[in-house]
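This report refers to the structure that appears directly beneath it.
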Amino acid sequence: MTAALLLFISIMCGWMVEKSPENAPYVYYIEVESEDSTKYDAIYGGFVLDEEEQLKKEDPMDIGSEEFYAMLAAQLESLPEEKRNVLIFIHGMWAHRDFFQEEQLSRMRKDVLKEGDSPYGMVISLIWHSGVNYHTNVIHANAVGRYLSKSVSKILTLKADQFSVMGHSMGNRVFQGILSELDKEESKEPIFKKMLFIAADLEENIFSSDQPLGDIDRYIGESILYVHNNDRSLGLSRALNENNRLGLNADAETLDDNESIKIIDVSAVKDNDGFGPSLSNHRYFYTSPTVRKDLYFSLHGLDNPLRVTLNDGRRFKLTMPKPAE
């Protein structure tokens, strides 16, 4: 690494430390702005806290990929050893806009990652743009995932103890594309510690042995599916695709496909913030305080007393907390 590059990284790290949240996790993004599946180009940046402790998306940095990943490596190594872990977040269709990114990540930082109380010292949001047409977006999501696999491969070279992923809705299709291009032969151990498939807009049999994620235990230690049986957005997707969706109908057969999978049914949770989220039952991962708390338990490998274990032992029903007396 040249002296000029080292100086540049030092300056950029100082700038990010000055503007980043005071406590980990630090939040960055890799963004692919194109909605055209024939040409992609990534830009890089970060999020900073405003006076109200909300994350705000900064303009892209005027740097290339080499400088960006070197900066991430330097900042990760500056963290205490117990926080040198990375969480990758992949949003759903149409959530690339700054408002959604800031709202989702701010709530996650506060309640899911608990600010300082988390082993995940760094969050990287993979931002992909989507257009109006649903079927075009499905193709695009898989293609942009294949493109982003190069970025994820670079992330995996960071000196972190563990990497986990959280995908929402069609963001899980992006993740499918990423996995299809990753070199999974490099390690005998799973590449990712956990994957949270939230309201996944994927086929319900995606984990069957003859399907794209049939060998998911090779690269993910634990796959946690969050489902809602009245997710109206996925209900529309079911009609458009003429088949059931994983985030609606994951069942005992899904559990039979792989022992590393467990299911958390959030259908009984009724505390979404706002009329739209309450109507759609699709964005609960950041609009429901009860679900956000459960995501904390999932990422940290803890038992949530609000979960009711069902007969098969790997399916849970998430219940509402009792009203305060």
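How things are named: the first chain in the structure tokens is A, the next is B, and so on; residues count from 1 in each chain; ligands count from 1 in the order shown.
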Can you check which parts of segment 21-69 of chain A lie within 6 Å of segment 94-116 of chain A? Per residue, the shortest pair of atoms and distance in Å to one decimal, counting only C-alpha atoms, sorted by chain and number, as CSV.
residue,atom,partner,partner_atom,distance
A:Asn23,CA,A:Gly116,CA,5.7
A:Ala24,CA,A:Gly116,CA,5.7
A:Gln54,CA,A:Ser106,CA,5.6
A:Leu55,CA,A:Ser106,CA,5.3
A:Lys56,CA,A:Glu102,CA,5.7
Export C-alpha atoms of the chosen residues as an mmCIF file, in the first residue's frame?
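The resulting selection_28.cif:
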data_model
loop_
_atom_site.group_PDB
_atom_site.id
_atom_site.type_symbol
_atom_site.label_atom_id
_atom_site.label_comp_id
_atom_site.auth_asym_id
_atom_site.auth_seq_id
_atom_site.Cartn_x
_atom_site.Cartn_y
_atom_site.Cartn_z
ATOM 1 C CA ASN A 23 -20.579 4.649 19.624
ATOM 2 C CA ALA A 24 -20.567 1.650 17.303
ATOM 3 C CA GLN A 54 -31.251 9.981 13.730
ATOM 4 C CA LEU A 55 -29.022 8.561 11.024
ATOM 5 C CA LYS A 56 -28.676 10.711 7.920
#
**Q.** Residues within 9 Å of Gly167 of chain A, only C-alpha atoms, excluding chain neighbours under 6 positions, as JSON, numbers by chain
**A.** {"A": [88, 89, 90, 91, 92, 173, 174, 175, 195, 196, 197, 198, 199, 200]}
(Q) Considering only C-alpha atoms, can you say which of A:Ser298, A:Ser149, A:Asn137, A:Ser267 comes closest to Leu318 of chain A? (A) A:Ser267
Q: List the neighbours of Asn205 of chain A out to 10 Å using only C-alpha atoms; skip same-chain residues closer than 4 positions along the sequence, and give me the result as a ChimeraX atom specification.
A: /A:209-214,243-246,249-251,253-254,257
Q. DSSP says strand (DSSP E or B) for which residues of segment 24-84 of chain A? Put them as a ChimeraX atom specification?
A. /A:26-32,42-49,55-57,84
Export, as a PDB file, in the first residue's frame, the selected residues with C-alpha atoms.
ATOM      1  CA  TYR A  26     -20.810   2.572  12.347  1.00  0.00           C
ATOM      2  CA  VAL A  27     -23.050   2.540   9.284  1.00  0.00           C
ATOM      3  CA  TYR A  28     -21.879   2.647   5.662  1.00  0.00           C
ATOM      4  CA  TYR A  29     -23.459   1.998   2.302  1.00  0.00           C
ATOM      5  CA  ILE A  30     -22.602   0.567  -1.095  1.00  0.00           C
ATOM      6  CA  GLU A  31     -25.114   1.834  -3.641  1.00  0.00           C
ATOM      7  CA  VAL A  32     -25.931   0.716  -7.177  1.00  0.00           C
ATOM      8  CA  ALA A  42     -21.164   1.184  -7.285  1.00  0.00           C
ATOM      9  CA  ILE A  43     -20.752   4.310  -5.181  1.00  0.00           C
ATOM     10  CA  TYR A  44     -19.720   4.413  -1.527  1.00  0.00           C
ATOM     11  CA  GLY A  45     -20.644   6.467   1.510  1.00  0.00           C
ATOM     12  CA  GLY A  46     -21.769   6.529   5.120  1.00  0.00           C
ATOM     13  CA  PHE A  47     -24.460   7.620   7.557  1.00  0.00           C
ATOM     14  CA  VAL A  48     -23.999  10.153  10.356  1.00  0.00           C
ATOM     15  CA  LEU A  49     -26.103  11.100  13.375  1.00  0.00           C
ATOM     16  CA  LEU A  55     -29.022   8.561  11.024  1.00  0.00           C
ATOM     17  CA  LYS A  56     -28.676  10.711   7.920  1.00  0.00           C
ATOM     18  CA  LYS A  57     -27.268   9.482   4.634  1.00  0.00           C
ATOM     19  CA  ARG A  84     -15.335  -6.519  15.238  1.00  0.00           C
TER      20      ARG A  84
END
